[in-house]
Amino acid sequence: QQQVKQSPQSLIVQKGGISIINCAYENTAFDYFPWYQQFPGKGPALLIAIRPDVSEKKEGRFTISFNKSAKQFSLHIMDSQPGDSATYFCAASISGNTGKLIFGQGTTLQVKP
Amino acid sequence: KAGVTQTPRYLIKTRGQQVTLSCSPISGHRSVSWYQQTPGQGLQFLFEYFSETQRNKGNFPGRFSGRQFSNSRSEMNVSTLELGDSALYLCASVTSAGYTGELFFGEGSRLTVL
């Protein structure tokens, strides 16, 4: 029940295309869903996050779509750029557990020029 | 504003030894979390400290321990190292934005156990 399942494991997209990464969770107590971006040799960095009271959140080229009934959420990267090539992790947390995130397995994104 | 600092960045140990990793959080952040990152298991939560008290603990054996000092700096210790402990150990400094915090990760300490 504590797992967050992420797919695909790897993704190759052409420059300008849309990258889509999906996550699913089981624990209905989760109420905070962030996405982290990690470049080689660096620690993960928060990209965008959503709470279950909204179905979509957009920040620049990055959008989270959230489906509470299906217990799924996804990250869409519009107009993907080579600089977006990184590993992306979805995560989930329960209020009050501020430092404890349950991470998905990660998706390695490669954006080809 | 300085980020999260982890030391050492790289270290090599042999089975049976112990290791201590250090983390200095962002100034003003009082909560520190530790994660283990491996290719097979991904990012797994180890524990979280707030005001020198362990607030949360993940599903790791007792060989993994940590502590936090009054200046919010934190250390984690792994005793009786096993080959499977080879990993990137990440420390995250936590800010309380709303009721769930954003994690600011350091660059990690890469441990290799031979």
# chains A, B, ... in the order shown; residues from 1 in each chain; ligands from 1
>>> closest_atom_pairs(of="chain B", to="chain A", cutoff="10 Å", atoms="only C-alpha atoms", output="CSV")
residue,atom,partner,partner_atom,distance
B:Val4,CA,A:Gly43,CA,9.8
B:Ser31,CA,A:Gly99,CA,7.4
B:Val32,CA,A:Gly99,CA,7.1
B:Ser33,CA,A:Gly99,CA,5.6
B:Trp34,CA,A:Gly99,CA,8.7
B:Tyr35,CA,A:Lys100,CA,9.2
B:Thr38,CA,A:Gln105,CA,10.0
B:Pro39,CA,A:Gln105,CA,8.8
B:Gly40,CA,A:Gln105,CA,8.5
B:Gln41,CA,A:Gln105,CA,7.2
B:Gly42,CA,A:Gln105,CA,5.2
B:Leu43,CA,A:Phe103,CA,6.1
B:Gln44,CA,A:Phe103,CA,7.1
B:Phe45,CA,A:Lys100,CA,6.4
B:Leu46,CA,A:Lys100,CA,8.7
B:Phe47,CA,A:Lys100,CA,7.7
B:Glu48,CA,A:Gly99,CA,6.2
B:Tyr49,CA,A:Gly99,CA,8.6
B:Phe50,CA,A:Gly99,CA,9.4
B:Arg55,CA,A:Asn97,CA,8.4
B:Asn56,CA,A:Lys100,CA,7.3
B:Lys57,CA,A:Lys100,CA,8.6
B:Gly58,CA,A:Lys100,CA,8.5
B:Leu88,CA,A:Gly43,CA,9.6
B:Tyr89,CA,A:Gly43,CA,9.7
B:Leu90,CA,A:Gly43,CA,7.1
B:Cys91,CA,A:Gly43,CA,8.7
B:Ala92,CA,A:Gly99,CA,7.8
B:Ser93,CA,A:Gly99,CA,8.2
B:Val94,CA,A:Gly99,CA,6.1
B:Thr95,CA,A:Thr98,CA,8.2
B:Ser96,CA,A:Thr98,CA,7.1
B:Ala97,CA,A:Thr98,CA,9.2
B:Gly98,CA,A:Ser95,CA,9.7
B:Tyr99,CA,A:Ser95,CA,6.2
B:Thr100,CA,A:Thr98,CA,4.8
B:Gly101,CA,A:Thr98,CA,4.9
B:Glu102,CA,A:Leu46,CA,7.1
B:Leu103,CA,A:Gly99,CA,6.8
B:Phe104,CA,A:Ala45,CA,6.5
B:Phe105,CA,A:Gly43,CA,5.3
B:Gly106,CA,A:Gly43,CA,5.4
B:Glu107,CA,A:Gly43,CA,4.5
B:Gly108,CA,A:Gly43,CA,6.5
B:Arg110,CA,A:Gly41,CA,10.0
>>> residues_around(residues="A:Leu47", least_positions_apart="6", cutoff="12 Å", atoms="only C-alpha atoms", output="number ranges by chain")
A: 33-38, 57-64, 75-77, 84, 86-91; B: 102-104
>>> residues_around(residues="stretch 21-23 of chain A", least_positions_apart="6", cutoff="6 Å", atoms="only C-alpha atoms", output="list in words")
Lys5, Gln6, Ser7, Gln72, Phe73, Ser74 and Leu75 of chain A
>>> residues_around(residues="B:Ser86", least_positions_apart="4", cutoff="6 Å", atoms="only C-alpha atoms", output="list in words")
Leu111, Thr112 and Val113 of chain B
>>> residues_around(residues="A:Ser80", least_positions_apart="3", cutoff="7 Å", atoms="only C-alpha atoms", output="PDB file with N, CA and C atoms, in the first residue's frame")
ATOM      1  N   LYS A  15      12.829  16.467 -29.926  1.00  0.00           N
ATOM      2  CA  LYS A  15      12.729  17.871 -29.511  1.00  0.00           C
ATOM      3  C   LYS A  15      11.418  18.457 -30.021  1.00  0.00           C
ATOM      4  N   GLY A  16      10.727  19.141 -29.117  1.00  0.00           N
ATOM      5  CA  GLY A  16       9.449  19.736 -29.471  1.00  0.00           C
ATOM      6  C   GLY A  16       8.253  18.842 -29.189  1.00  0.00           C
ATOM      7  N   GLY A  17       8.513  17.595 -28.889  1.00  0.00           N
ATOM      8  CA  GLY A  17       7.432  16.641 -28.630  1.00  0.00           C
ATOM      9  C   GLY A  17       6.921  16.731 -27.189  1.00  0.00           C
ATOM     10  N   ILE A  18       5.945  15.882 -26.905  1.00  0.00           N
ATOM     11  CA  ILE A  18       5.366  15.840 -25.558  1.00  0.00           C
ATOM     12  C   ILE A  18       5.858  14.578 -24.842  1.00  0.00           C
ATOM     13  N   SER A  19       6.378  14.774 -23.645  1.00  0.00           N
ATOM     14  CA  SER A  19       6.800  13.637 -22.825  1.00  0.00           C
ATOM     15  C   SER A  19       5.728  13.394 -21.770  1.00  0.00           C
ATOM     16  N   ILE A  77       5.330  16.974 -20.207  1.00  0.00           N
ATOM     17  CA  ILE A  77       6.317  17.996 -20.550  1.00  0.00           C
ATOM     18  C   ILE A  77       6.050  18.400 -21.992  1.00  0.00           C
ATOM     19  N   ASP A  84      15.872  18.982 -21.029  1.00  0.00           N
ATOM     20  CA  ASP A  84      14.955  18.262 -20.146  1.00  0.00           C
ATOM     21  C   ASP A  84      15.411  16.821 -19.915  1.00  0.00           C
ATOM     22  N   VAL A 111      15.697  13.483 -24.635  1.00  0.00           N
ATOM     23  CA  VAL A 111      15.103  14.298 -25.678  1.00  0.00           C
ATOM     24  C   VAL A 111      16.135  14.475 -26.777  1.00  0.00           C
TER      25      VAL A 111
END
>>> residues_around(residues="B:Ser65", least_positions_apart="3", cutoff="8 Å", atoms="only C-alpha atoms", output="number ranges by chain")
B: 62, 76-78
>>> write_last_selection(atoms="N, CA, C and O atoms", output="short mmCIF file (atom, residue, chain, number, x, y, z; two decimals), in the first residue's frame")
data_model
loop_
_atom_site.label_atom_id
_atom_site.label_comp_id
_atom_site.auth_asym_id
_atom_site.auth_seq_id
_atom_site.Cartn_x
_atom_site.Cartn_y
_atom_site.Cartn_z
N GLY B 62 18.50 -2.27 11.67
CA GLY B 62 19.06 -1.45 12.73
C GLY B 62 20.49 -1.02 12.51
O GLY B 62 21.00 -0.15 13.22
N MET B 76 24.50 10.13 9.50
CA MET B 76 23.96 8.78 9.49
C MET B 76 25.12 7.80 9.54
O MET B 76 26.22 8.09 9.05
N ASN B 77 24.87 6.69 10.15
CA ASN B 77 25.89 5.68 10.35
C ASN B 77 25.38 4.34 9.85
O ASN B 77 24.21 4.00 10.05
N VAL B 78 26.24 3.63 9.17
CA VAL B 78 25.91 2.26 8.78
C VAL B 78 26.98 1.36 9.35
O VAL B 78 28.18 1.55 9.07
#
>>> atom_distance(atom1="atom CA of A:Phe30", atom2="atom CA of A:Lys71")
9.8 Å
